[in-house]
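Shown here: work.cif, mmCIF, C-alpha atoms.
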data_target
#
loop_
_atom_site.label_atom_id
_atom_site.label_comp_id
_atom_site.auth_asym_id
_atom_site.auth_seq_id
_atom_site.Cartn_x
_atom_site.Cartn_y
_atom_site.Cartn_z
CA MET H 1 174.23 -13.83 -21.50
CA GLN H 2 175.08 -12.00 -24.75
CA THR H 3 173.59 -12.74 -28.12
CA GLU H 4 175.88 -13.76 -30.94
CA LYS H 5 175.32 -10.33 -32.52
CA GLU H 6 176.34 -8.58 -29.31
CA LYS H 7 179.47 -10.72 -29.17
CA MET H 8 180.27 -9.89 -32.78
CA ILE H 9 179.83 -6.14 -32.25
CA SER H 10 182.03 -6.18 -29.14
CA GLY H 11 184.80 -8.04 -30.97
CA GLU H 12 184.39 -11.32 -29.12
CA LEU H 13 184.30 -14.75 -30.68
CA TYR H 14 180.83 -15.56 -31.99
CA ARG H 15 179.02 -18.16 -34.06
CA PRO H 16 178.44 -16.78 -37.57
CA ASP H 17 175.83 -19.48 -38.20
CA ASP H 18 173.47 -17.92 -35.66
CA GLU H 19 169.95 -17.63 -37.12
CA GLN H 20 169.65 -13.88 -36.40
CA LEU H 21 172.98 -13.15 -38.07
CA ILE H 22 172.11 -15.26 -41.10
CA THR H 23 168.78 -13.45 -41.48
CA GLU H 24 170.34 -10.00 -41.17
CA ARG H 25 173.20 -10.88 -43.52
CA THR H 26 170.76 -12.18 -46.15
CA LYS H 27 168.66 -9.01 -45.90
CA ALA H 28 171.75 -6.79 -46.19
CA ARG H 29 172.92 -8.63 -49.30
CA ARG H 30 169.48 -8.34 -50.91
CA LEU H 31 169.23 -4.61 -50.17
CA THR H 32 172.76 -4.00 -51.44
CA ARG H 33 171.98 -5.85 -54.67
CA ILE H 34 168.80 -3.80 -55.19
CA TYR H 35 170.60 -0.52 -54.44
CA ASN H 36 173.48 -1.35 -56.77
CA ALA H 37 171.04 -2.06 -59.58
CA THR H 38 169.87 1.57 -59.57
CA THR H 39 171.44 4.48 -61.43
CA GLU H 40 172.54 7.85 -60.12
CA GLU H 41 169.31 9.41 -61.42
CA GLU H 42 167.06 7.09 -59.42
CA TRP H 43 167.22 9.09 -56.18
CA GLU H 44 163.79 8.04 -54.97
CA LYS H 45 164.47 4.34 -55.40
CA ARG H 46 167.84 4.70 -53.67
CA SER H 47 166.38 6.53 -50.69
CA GLN H 48 163.80 3.78 -50.15
#
What's the structure tokens form of this structure?
Amino acid sequence: MQTEKEKMISGELYRPDDEQLITERTKARRLTRIYNATTEEEWEKRSQ
């Protein structure tokens, strides 16, 4: 049996309210927000 993430990656129908997907989506949004708050000169922060 495939996980919802595996279904999503393979292009199958999946449940977007799956706990793993919600957790990963939340983390991705947080990291994107932090990255976008940096400037071009903040190479070290961006590489973290």
* To do: Compare H:Leu13, H:Met8, H:Thr3, H:Arg46 by their minimum atom-to-atom distance to Thr32 (chain H), counting only C-alpha atoms, and give me the closest one.
  =>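 Using only C-alpha atoms, Thr32 (chain H) sits closest to H:Arg46.
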* To do: Give as a list in words the residues that the PyMOL selection byres ((chain H and resi 19-21) around 12) matches when applied to the coordinates above.
  => Thr3, Glu4, Lys5, Glu6, Lys7, Met8, Ile9, Tyr14, Arg15, Pro16, Asp17, Asp18, Ile22, Thr23, Glu24, Arg25, Thr26, Lys27 and Ala28 of chain H
* To do: Measure the distance from CA of Lys45 (chain H) to CA of Arg29 (chain H) in Å and round it to one decimal.
  =>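 Atom-to-atom, CA of Lys45 (chain H) and CA of Arg29 (chain H) are spaced 16.6 Å apart.
Reported to one decimal place, the separation of CA of Ser47 (chain H) from CA of Leu31 (chain H) is 11.5 Å.
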